[in-house]
$ cat model.cif   # mmCIF, C-alpha atoms and all ligand atoms
data_entry
loop_
_atom_site.label_atom_id
_atom_site.label_comp_id
_atom_site.auth_asym_id
_atom_site.auth_seq_id
_atom_site.Cartn_x
_atom_site.Cartn_y
_atom_site.Cartn_z
CA MET A 101 -38.97 30.28 -85.47
CA THR A 102 -39.26 26.99 -83.54
CA GLU A 103 -41.66 27.04 -80.59
CA TYR A 104 -40.08 25.21 -77.69
CA THR A 105 -40.01 25.06 -73.92
CA ILE A 106 -37.03 24.39 -71.69
CA ARG A 107 -37.46 22.79 -68.28
CA LEU A 108 -35.64 20.78 -65.67
CA LEU A 109 -35.81 17.00 -66.05
CA GLU A 110 -36.60 15.42 -62.71
CA SER A 111 -38.90 12.40 -62.87
CA PRO A 112 -37.88 8.83 -63.77
CA GLU A 113 -40.02 9.16 -66.93
CA ASP A 114 -38.12 12.29 -67.96
CA MET A 115 -34.82 10.51 -67.51
CA ILE A 116 -35.91 7.46 -69.54
CA ASN A 117 -36.83 9.89 -72.34
CA ALA A 118 -33.38 11.49 -72.03
CA GLU A 119 -31.82 8.01 -72.28
CA GLU A 120 -33.79 7.35 -75.45
CA LEU A 121 -32.73 10.68 -76.94
CA GLN A 122 -29.08 9.78 -76.34
CA ARG A 123 -29.55 6.62 -78.43
CA THR A 124 -30.72 8.83 -81.29
CA VAL A 125 -27.98 11.46 -80.96
CA TRP A 126 -25.07 9.03 -80.38
CA PRO A 127 -26.25 5.77 -81.95
CA GLY A 128 -24.30 2.54 -81.92
CA SER A 129 -23.13 2.02 -78.34
CA GLU A 130 -25.57 1.11 -75.58
CA THR A 131 -22.69 1.14 -73.07
CA ASP A 132 -22.23 4.87 -73.62
CA VAL A 133 -25.79 5.87 -72.74
CA VAL A 134 -25.87 7.67 -69.38
CA PRO A 135 -28.58 5.71 -67.55
CA ALA A 136 -31.70 7.20 -65.94
CA HIS A 137 -30.65 6.20 -62.42
CA LEU A 138 -27.40 8.16 -62.70
CA LEU A 139 -29.18 11.20 -64.15
CA ILE A 140 -31.60 11.12 -61.20
CA THR A 141 -28.80 10.80 -58.63
CA VAL A 142 -26.98 13.71 -60.26
CA THR A 143 -30.05 15.95 -60.02
CA HIS A 144 -30.52 15.02 -56.35
CA ASN A 145 -26.96 16.14 -55.65
CA GLY A 146 -26.60 19.53 -57.25
CA GLY A 147 -26.40 18.42 -60.86
CA ILE A 148 -28.61 19.92 -63.55
CA VAL A 149 -30.39 18.02 -66.32
CA MET A 150 -32.59 20.08 -68.62
CA GLY A 151 -34.67 19.23 -71.63
CA ALA A 152 -35.89 21.15 -74.66
CA PHE A 153 -39.43 20.22 -75.70
CA VAL A 154 -41.34 20.76 -78.92
CA LYS A 155 -45.04 19.89 -78.65
CA ASN A 156 -44.32 18.02 -75.39
CA GLU A 157 -41.72 15.78 -77.06
CA ILE A 158 -38.17 15.93 -75.76
CA VAL A 159 -35.86 16.97 -78.61
CA GLY A 160 -32.77 18.10 -76.69
CA PHE A 161 -31.08 17.80 -73.33
CA VAL A 162 -28.07 19.08 -71.41
CA PHE A 163 -26.52 17.35 -68.42
CA GLY A 164 -23.87 18.49 -65.94
CA PHE A 165 -22.81 18.24 -62.32
CA PRO A 166 -20.86 20.27 -59.75
CA GLY A 167 -17.13 19.71 -59.80
CA LEU A 168 -13.86 21.11 -58.54
CA GLU A 169 -10.91 22.64 -60.28
CA PHE A 170 -7.60 22.33 -58.52
CA LEU A 171 -5.71 25.60 -58.30
CA PRO A 172 -2.40 26.27 -56.52
CA ASP A 173 -4.26 27.89 -53.59
CA GLY A 174 -6.76 25.04 -53.27
CA PRO A 175 -9.85 23.57 -54.92
CA ARG A 176 -12.49 25.90 -56.40
CA PRO A 177 -16.09 24.93 -57.30
CA LYS A 178 -17.21 24.78 -60.91
CA HIS A 179 -19.93 23.07 -62.93
CA CYS A 180 -18.85 20.33 -65.32
CA SER A 181 -21.19 20.14 -68.31
CA HIS A 182 -20.88 16.62 -69.61
CA MET A 183 -23.32 16.21 -72.48
CA MET A 184 -25.62 18.14 -74.74
CA GLY A 185 -27.54 16.57 -77.59
CA ILE A 186 -30.25 17.77 -79.95
CA HIS A 187 -32.38 15.41 -82.03
CA PRO A 188 -31.04 15.50 -85.65
CA ASP A 189 -34.38 16.86 -86.93
CA TRP A 190 -34.15 19.89 -84.63
CA ARG A 191 -30.53 20.98 -85.02
CA ASN A 192 -29.66 24.56 -86.07
CA SER A 193 -32.93 25.81 -84.56
CA GLY A 194 -31.35 27.59 -81.61
CA LEU A 195 -32.18 24.84 -79.09
CA GLY A 196 -28.56 24.16 -78.15
CA PHE A 197 -28.09 27.86 -77.45
CA ALA A 198 -31.33 28.01 -75.44
CA LEU A 199 -30.34 25.00 -73.31
CA LYS A 200 -26.92 26.48 -72.57
CA ARG A 201 -28.50 29.82 -71.64
CA ALA A 202 -30.85 28.03 -69.21
CA GLN A 203 -27.87 26.11 -67.79
CA TRP A 204 -26.03 29.45 -67.36
CA GLN A 205 -28.95 30.83 -65.32
CA MET A 206 -29.28 27.72 -63.15
CA VAL A 207 -25.58 27.48 -62.39
CA ARG A 208 -25.33 31.19 -61.56
CA ASN A 209 -28.20 30.70 -59.13
CA GLN A 210 -26.09 28.07 -57.39
CA GLY A 211 -23.42 30.72 -56.82
CA ILE A 212 -20.97 29.14 -59.28
CA ASP A 213 -19.28 31.32 -61.89
CA HIS A 214 -17.46 28.79 -64.08
CA ILE A 215 -18.63 25.97 -66.36
CA THR A 216 -16.25 23.75 -68.31
CA TRP A 217 -16.92 21.17 -71.01
CA THR A 218 -15.10 19.51 -73.85
CA PHE A 219 -15.78 19.33 -77.56
CA ASP A 220 -14.12 17.93 -80.64
CA PRO A 221 -12.10 20.80 -82.17
CA MET A 222 -12.87 19.54 -85.69
CA LEU A 223 -16.61 20.13 -85.29
CA SER A 224 -17.30 23.54 -86.75
CA ARG A 225 -20.89 23.86 -85.50
CA ASN A 226 -19.90 22.98 -81.94
CA ALA A 227 -17.01 25.46 -82.08
CA TYR A 228 -19.25 28.20 -83.44
CA LEU A 229 -21.87 27.63 -80.76
CA ASN A 230 -19.42 27.29 -77.86
CA ILE A 231 -16.96 30.04 -78.71
CA ALA A 232 -18.71 32.58 -80.95
CA LYS A 233 -22.29 32.40 -79.66
CA LEU A 234 -21.78 31.52 -75.99
CA GLY A 235 -18.48 33.34 -75.44
CA ALA A 236 -16.51 30.44 -73.93
CA VAL A 237 -12.72 30.59 -74.28
CA CYS A 238 -10.12 27.88 -74.34
CA ASN A 239 -6.46 27.17 -73.85
CA THR A 240 -6.59 23.49 -72.86
CA TYR A 241 -6.08 20.65 -75.32
CA ARG A 242 -6.72 17.09 -74.17
CA ARG A 243 -5.29 14.28 -76.27
CA SER A 244 -7.50 11.20 -76.60
CA GLU A 245 -9.59 12.38 -73.65
CA TYR A 246 -12.07 9.48 -73.65
CA GLY A 247 -9.86 6.77 -75.22
CA ASP A 248 -11.30 4.97 -78.25
CA MET A 249 -14.98 5.90 -78.35
CA ARG A 250 -17.54 3.44 -79.69
CA ASP A 251 -20.55 5.48 -80.79
CA GLU A 252 -21.09 6.31 -84.47
CA LEU A 253 -20.21 10.00 -84.17
CA ASN A 254 -16.83 9.37 -82.56
CA ILE A 255 -15.65 5.94 -83.68
CA GLY A 256 -12.40 5.66 -85.62
CA LEU A 257 -10.43 8.70 -84.41
CA PRO A 258 -8.52 9.57 -81.25
CA SER A 259 -10.98 11.45 -79.03
CA ASP A 260 -8.96 14.69 -78.75
CA ARG A 261 -10.90 17.52 -77.18
CA LEU A 262 -10.70 21.21 -76.46
CA GLU A 263 -11.80 22.01 -72.91
CA VAL A 264 -13.58 25.35 -72.76
CA ASP A 265 -13.95 27.77 -69.88
CA TRP A 266 -17.25 29.61 -69.64
CA TRP A 267 -16.86 32.50 -67.20
CA LEU A 268 -20.50 33.11 -66.37
CA ASN A 269 -20.34 36.55 -64.80
CA THR A 270 -18.14 38.28 -67.37
CA SER A 271 -19.53 41.03 -69.57
CA ARG A 272 -18.21 39.06 -72.54
CA VAL A 273 -20.63 36.20 -71.77
CA GLU A 274 -23.49 38.37 -70.50
CA ARG A 275 -23.44 40.38 -73.71
CA ARG A 276 -23.53 37.30 -75.89
CA LEU A 277 -26.49 35.89 -73.99
CA GLY A 278 -28.36 39.17 -73.70
CA LYS A 279 -31.30 40.35 -75.79
CA ARG A 280 -29.08 42.30 -78.18
CA ALA A 281 -26.66 39.51 -79.03
CA ARG A 282 -23.61 40.35 -81.12
CA GLY A 283 -23.86 39.93 -84.91
CA THR A 284 -21.91 37.19 -86.67
CA LEU A 285 -18.27 37.79 -87.52
CA LYS A 286 -17.33 38.15 -91.17
CA LEU A 287 -14.07 36.89 -92.59
CA ASP A 288 -13.60 39.94 -94.80
CA LYS A 289 -13.48 42.17 -91.72
CA TYR A 290 -10.22 40.42 -90.89
CA THR A 291 -8.81 40.10 -94.38
CA LYS A 292 -9.50 43.82 -95.03
CA ALA A 293 -7.41 44.54 -91.95
CA GLU A 294 -4.73 42.44 -93.65
CA LEU A 295 -5.06 39.54 -91.28
CA GLN A 296 -4.83 36.44 -93.46
CA PRO A 297 -5.57 32.87 -92.39
CA LEU A 298 -2.45 31.12 -91.06
CA TYR A 299 -2.48 28.62 -93.92
CA SER A 300 -4.45 27.60 -96.98
CA PHE A 301 -5.81 24.11 -97.30
CA GLY A 302 -3.14 21.80 -98.70
CA GLY A 303 -5.15 20.54 -101.69
CA GLY A 304 -8.09 18.15 -102.07
CA ASN A 305 -11.48 19.51 -103.06
CA GLU A 306 -14.07 21.71 -101.36
CA LYS A 307 -15.71 18.77 -99.57
CA ARG A 308 -12.46 17.02 -98.73
CA PRO A 309 -9.79 19.66 -98.11
CA GLN A 310 -6.40 18.49 -96.93
CA PRO A 311 -4.52 20.03 -94.03
CA PRO A 312 -1.34 21.89 -95.00
CA GLU A 313 1.93 19.92 -94.99
CA ASN A 314 3.47 22.09 -92.27
CA LEU A 315 2.11 24.33 -89.57
CA GLY A 316 4.63 27.15 -89.99
CA PRO A 317 5.46 29.79 -87.38
CA LEU A 318 2.74 31.16 -85.07
CA GLU A 319 3.30 34.91 -84.71
CA GLY A 320 1.19 38.04 -84.24
CA SER A 321 -1.53 39.12 -81.86
CA LEU A 322 -4.35 37.29 -83.71
CA LEU A 323 -4.25 34.02 -85.64
CA LEU A 324 -6.92 32.62 -87.97
CA ALA A 325 -6.85 28.84 -88.20
CA GLU A 326 -9.22 27.24 -90.70
CA ILE A 327 -10.88 23.84 -90.40
CA PRO A 328 -13.27 22.03 -92.79
CA SER A 329 -16.87 23.15 -92.26
CA ASP A 330 -18.32 19.63 -92.36
CA PHE A 331 -15.86 17.30 -90.72
CA LEU A 332 -18.36 14.48 -90.15
CA ALA A 333 -19.04 14.27 -93.90
CA LEU A 334 -15.30 14.38 -94.60
CA LYS A 335 -14.72 11.63 -92.05
CA ALA A 336 -17.49 9.46 -93.51
CA ALA A 337 -15.88 9.83 -96.97
CA ASP A 338 -12.21 9.45 -95.99
CA LEU A 339 -11.12 8.28 -92.55
CA THR A 340 -7.41 8.64 -93.36
CA LEU A 341 -7.90 12.29 -94.27
CA ALA A 342 -9.93 12.82 -91.09
CA ARG A 343 -7.04 11.36 -89.11
CA ASP A 344 -4.59 13.72 -90.87
CA TRP A 345 -6.76 16.63 -89.78
CA ARG A 346 -6.85 15.32 -86.20
CA TYR A 347 -3.06 15.22 -86.01
CA PHE A 348 -2.61 18.55 -87.77
CA THR A 349 -5.00 20.40 -85.44
CA ARG A 350 -3.50 18.62 -82.43
CA GLU A 351 -0.13 20.14 -83.35
CA LEU A 352 -1.75 23.51 -84.08
CA PHE A 353 -3.56 23.87 -80.76
CA GLU A 354 -0.84 22.35 -78.61
CA THR A 355 1.77 24.65 -80.15
CA ALA A 356 -0.45 27.73 -79.92
CA PHE A 357 -1.43 27.10 -76.29
CA GLU A 358 2.20 26.43 -75.41
CA LYS A 359 3.06 29.83 -76.89
CA GLY A 360 0.38 31.57 -74.79
CA TYR A 361 -2.46 31.90 -77.31
CA LEU A 362 -6.12 31.35 -76.36
CA VAL A 363 -9.10 30.50 -78.55
CA THR A 364 -11.30 33.58 -78.22
CA ASP A 365 -13.63 33.52 -81.23
CA PHE A 366 -14.83 31.58 -84.23
CA ILE A 367 -15.93 32.68 -87.70
CA PHE A 368 -18.53 30.73 -89.67
CA ASP A 369 -19.12 32.63 -92.88
CA GLN A 370 -20.16 32.04 -96.48
CA VAL A 371 -17.48 33.37 -98.81
CA GLU A 372 -18.16 33.16 -102.55
CA GLY A 373 -20.81 30.54 -101.92
CA ARG A 374 -18.50 28.38 -99.81
CA PRO A 375 -18.78 27.88 -96.03
CA ARG A 376 -15.61 28.89 -94.18
CA SER A 377 -14.86 27.95 -90.57
CA LEU A 378 -11.98 29.58 -88.72
CA TYR A 379 -10.80 29.68 -85.13
CA ILE A 380 -9.52 33.02 -83.87
CA LEU A 381 -6.64 32.69 -81.44
CA THR A 382 -5.48 35.68 -79.43
CA ASP A 383 -2.12 36.27 -77.86
CA GLY A 384 -2.74 35.88 -74.10
CA GLU A 385 -1.15 39.26 -73.40
CA ILE A 386 -4.24 40.92 -74.93
CA THR A 387 -7.24 40.98 -72.61
CA LEU A 388 -10.47 39.28 -73.62
CA GLU A 389 -12.45 42.49 -73.21
CA ASP A 390 -10.36 44.06 -75.98
CA GLN A 391 -11.87 41.51 -78.34
CA ASP A 392 -15.43 42.87 -78.31
C1 LIG B 1 -23.82 20.49 -81.15
C2 LIG B 1 -25.34 20.58 -80.89
C3 LIG B 1 -25.61 20.23 -79.44
C4 LIG B 1 -25.76 22.04 -81.19
O1 LIG B 1 -27.12 22.19 -80.98
P1 LIG B 1 -28.05 23.02 -82.00
O2 LIG B 1 -29.39 23.12 -81.42
O3 LIG B 1 -27.91 22.45 -83.35
O4 LIG B 1 -27.31 24.45 -81.92
P2 LIG B 1 -27.90 25.90 -82.24
O5 LIG B 1 -28.94 25.82 -83.32
O6 LIG B 1 -28.29 26.57 -80.97
O7 LIG B 1 -26.60 26.64 -82.76
C5 LIG B 1 -25.86 26.13 -83.83
C6 LIG B 1 -25.30 27.28 -84.64
O8 LIG B 1 -24.30 26.75 -85.52
C7 LIG B 1 -24.57 27.19 -86.83
N1 LIG B 1 -24.04 26.20 -87.77
C8 LIG B 1 -24.69 25.27 -88.50
N2 LIG B 1 -23.80 24.54 -89.22
C9 LIG B 1 -22.58 25.03 -88.92
C10 LIG B 1 -21.27 24.70 -89.33
N3 LIG B 1 -21.02 23.73 -90.19
N4 LIG B 1 -20.25 25.41 -88.81
C11 LIG B 1 -20.46 26.40 -87.92
N5 LIG B 1 -21.69 26.75 -87.47
C12 LIG B 1 -22.73 26.07 -87.99
C13 LIG B 1 -26.07 27.33 -86.87
O9 LIG B 1 -26.46 28.16 -87.96
C14 LIG B 1 -26.35 27.95 -85.51
O10 LIG B 1 -26.02 29.32 -85.50
P3 LIG B 1 -27.17 30.47 -85.64
O11 LIG B 1 -28.17 30.20 -84.55
O12 LIG B 1 -26.42 31.74 -85.43
O13 LIG B 1 -27.75 30.31 -87.00
C15 LIG B 1 -26.16 19.63 -81.82
O14 LIG B 1 -25.87 19.97 -83.15
C16 LIG B 1 -25.89 18.15 -81.56
O15 LIG B 1 -26.66 17.52 -80.84
N6 LIG B 1 -24.84 17.56 -82.18
C17 LIG B 1 -24.51 16.16 -81.99
C18 LIG B 1 -24.04 15.84 -80.58
C19 LIG B 1 -22.92 16.75 -80.10
O16 LIG B 1 -21.96 17.05 -80.81
N7 LIG B 1 -23.05 17.21 -78.82
C20 LIG B 1 -22.11 18.14 -78.22
C21 LIG B 1 -20.98 17.49 -77.52
S1 LIG B 1 -21.52 16.55 -76.09
#
$ encode --input "model.cif" --output "structure tokens"
Amino acid sequence: MTEYTIRLLESPEDMINAEELQRTVWPGSETDVVPAHLLITVTHNGGIVMGAFVKNEIVGFVFGFPGLEFLPDGPRPKHCSHMMGIHPDWRNSGLGFALKRAQWQMVRNQGIDHITWTFDPMLSRNAYLNIAKLGAVCNTYRRSEYGDMRDELNIGLPSDRLEVDWWLNTSRVERRLGKRARGTLKLDKYTKAELQPLYSFGGGNEKRPQPPENLGPLEGSLLLAEIPSDFLALKAADLTLARDWRYFTRELFETAFEKGYLVTDFIFDQVEGRPRSLYILTDGEITLEDQD
């Protein structure tokens, strides 16, 4: 169990440390580092920048600011969470979850009940954290949201993103963040109920699976859509294959959202010694509370 503390970042020194951490998390593009002066201005105007510390060293941070969503009956306040990064040596230690939980508390204290952010739908760990552990949901797909990105994590592919909605005061979210958090979902729970994944991988090997040739029809109250569990390794080995996956999942999510499905959960499970990563999409007619 990692011993850490979470606290607000406020001083110029804190922000310089957060700048430096960004260079480690997203190396390769100085232009894309959010500078200390902007982080300070954000915190002086309702934004929230928090750090995770191990032995007084910053190893993670989350940064967001108040925003508006534009609804037919007028604008409504929300918090836009723009960045979260954990030092590579400290990933999978629960720090991302802890930072988001602290952000949830801070934003609720501001009287805001909705946080949005975007993530790359091909990143299994991010999907698992955002959807399964934090209880965010999603029915918004944004093609090439940030144009051609230049940092090492994102270079080479269109920057398509899922935008998630985190409804802070729902029992769905409160339960996931509470002391008795839900256990992890198992794939066999679904397959035993005769719910099969929408498609099998279209060939390749375990480390470099190919997307199927065709998406096929999307029908039923729940859909299971599988993605590779380590997309960054796949991308480093084969950029063309990574691009095929980008375009396949673009079609998948755009078609599903068009038909009224929402992303409501995510399975990350070891099956016969192999990691499996699957989105769960729910027909929008079924309420989210029915899912738990
Ligand atoms: C995404 C990121 C912020 C998550 O932070 P983190 O501290 O590693 O996250 P946590 O440890 O709280 O949670 C990750 C969970 O994913 C699980 N996980 C690990 N590998 C996984 C995979 N391939 N697929 C699915 N889940 C995975 C972990 O086991 C953990 O779950 P658990 O706590 O139930 O065991 C961090 O990995 C990161 O900085 N990535 C690079 C930058 C980035 O993508 N930022 C987000 C967009 S701005």
$ residues_around --input "model.cif" --residues "stretch 302-314 of chain A" --least-positions-apart "6" --cutoff "10 Å" --atoms "all atoms listed in the file" --output "list in words"
Glu326, Ile327, Pro328, Ser329, Asp330, Phe331, Ala333, Leu334, Lys335, Ala337, Asp338, Leu341, Ala342, Asp344, Trp345, Arg346, Tyr347, Phe348, Thr349, Glu351, Leu352, Arg374 and Pro375 of chain A
$ residues_around --input "model.cif" --residues "A:Val133" --least-positions-apart "6" --cutoff "10 Å" --atoms "all atoms listed in the file" --output "ChimeraX atom specification"
/A:118-123,126-127,251
$ residues_around --input "model.cif" --residues "A:Trp204" --least-positions-apart "5" --cutoff "12 Å" --atoms "only C-alpha atoms" --output "PyMOL selection string"
chain A and resi 148+150+162+164+178-181+197-199+209-216+234-236+266-270+273-274+276-278
$ closest_residue --input "model.cif" --among "A:Leu138, A:Val154, A:Ala232, A:Leu332" --to "A:Val363" --atoms "only C-alpha atoms"
A:Ala232
$ closest_atom_pairs --input "model.cif" --of "chain A" --to "ligand LIG 1 (chain B)" --cutoff "6 Å" --atoms "all atoms listed in the file" --output "tab-separated table"
residue	atom	partner	partner_atom	distance
A:Val125	CA	B:LIG1	C18	5.9
A:Met183	CA	B:LIG1	S1	4.0
A:Met184	CA	B:LIG1	S1	4.6
A:Gly185	CA	B:LIG1	O15	3.5
A:Ile186	CA	B:LIG1	O15	3.7
A:Arg191	CA	B:LIG1	O3	3.4
A:Asn192	CA	B:LIG1	O5	3.1
A:Ser193	CA	B:LIG1	O5	4.2
A:Gly194	CA	B:LIG1	O6	3.3
A:Leu195	CA	B:LIG1	O2	4.0
A:Gly196	CA	B:LIG1	O2	3.5
A:Phe197	CA	B:LIG1	O6	3.8
A:Phe219	CA	B:LIG1	C21	5.5
A:Ser224	CA	B:LIG1	N4	4.1
A:Arg225	CA	B:LIG1	C11	3.5
A:Asn226	CA	B:LIG1	C1	4.7
A:Tyr228	CA	B:LIG1	N5	4.9
A:Leu229	CA	B:LIG1	C6	5.2
A:Ser329	CA	B:LIG1	N3	4.7
A:Asp330	CA	B:LIG1	N3	5.4
A:Phe368	CA	B:LIG1	C11	5.1
$ closest_residue --input "model.cif" --among "A:Glu319, A:Asp383, A:Asp132, A:Glu354" --to "A:Pro221" --atoms "all atoms listed in the file"
A:Glu354
$ closest_residue --input "model.cif" --among "A:Leu253, A:Arg201, A:Tyr290, A:Pro175" --to "A:Arg275" --atoms "all atoms listed in the file"
A:Arg201
$ closest_residue --input "model.cif" --among "A:Ile116, A:Ile140, A:Met101, A:Ile255" --to "A:Gly128" --atoms "all atoms listed in the file"
A:Ile255
$ residues_around --input "model.cif" --residues "A:Asp260" --least-positions-apart "5" --cutoff "9 Å" --atoms "all atoms listed in the file" --output "number ranges by chain"
A: 219-221, 241-247, 346, 350
$ write_last_selection --input "model.cif" --atoms "C-alpha atoms" --output "compact mmCIF listing (two decimals), keeping the file's coordinate frame"
# COMPACT_ATOMS: atom_id res chain seq x y z
CA PHE A 219 -15.78 19.33 -77.56
CA ASP A 220 -14.12 17.93 -80.64
CA PRO A 221 -12.10 20.80 -82.17
CA TYR A 241 -6.08 20.65 -75.32
CA ARG A 242 -6.72 17.09 -74.17
CA ARG A 243 -5.29 14.28 -76.27
CA SER A 244 -7.50 11.20 -76.60
CA GLU A 245 -9.59 12.38 -73.65
CA TYR A 246 -12.07 9.48 -73.65
CA GLY A 247 -9.86 6.77 -75.22
CA ARG A 346 -6.85 15.32 -86.20
CA ARG A 350 -3.50 18.62 -82.43
$ atom_distance --input "model.cif" --atom1 "atom CA of A:Trp217" --atom2 "atom CA of A:Ala202"
15.6 Å
$ atom_distance --input "model.cif" --atom1 "atom CA of A:Phe357" --atom2 "atom CA of A:Leu262"
11.0 Å
$ closest_residue --input "model.cif" --among "A:Gly373, A:Pro317, A:Ile231, A:Leu139" --to "A:Leu108" --atoms "all atoms listed in the file"
A:Leu139
$ closest_residue --input "model.cif" --among "A:Gly151, A:Arg208, A:Trp190, A:Ser111" --to "A:Pro166" --atoms "all atoms listed in the file"
A:Arg208
$ residues_near_point --input "model.cif" --point "(0.0, 37.3, -83.1)" --cutoff "9 Å" --atoms "all atoms listed in the file" --output "tab-separated table (two decimals) with C-alpha atoms, in the frame of the given file"
chain	number	residue	atom	x	y	z
A	318	LEU	CA	2.74	31.16	-85.07
A	319	GLU	CA	3.30	34.91	-84.71
A	320	GLY	CA	1.19	38.04	-84.24
A	321	SER	CA	-1.53	39.12	-81.86
A	322	LEU	CA	-4.35	37.29	-83.71
A	323	LEU	CA	-4.25	34.02	-85.64
A	361	TYR	CA	-2.46	31.90	-77.31
A	381	LEU	CA	-6.64	32.69	-81.44
A	382	THR	CA	-5.48	35.68	-79.43
A	383	ASP	CA	-2.12	36.27	-77.86
$ atom_distance --input "model.cif" --atom1 "atom CA of A:Thr141" --atom2 "atom CA of A:Glu110"
9.9 Å
$ residues_around --input "model.cif" --residues "A:Tyr379" --least-positions-apart "5" --cutoff "7 Å" --atoms "all atoms listed in the file" --output "list of chain:residue names"
A:Leu324, A:Ala325, A:Glu326, A:Val363, A:Asp365, A:Phe366, A:Ile367
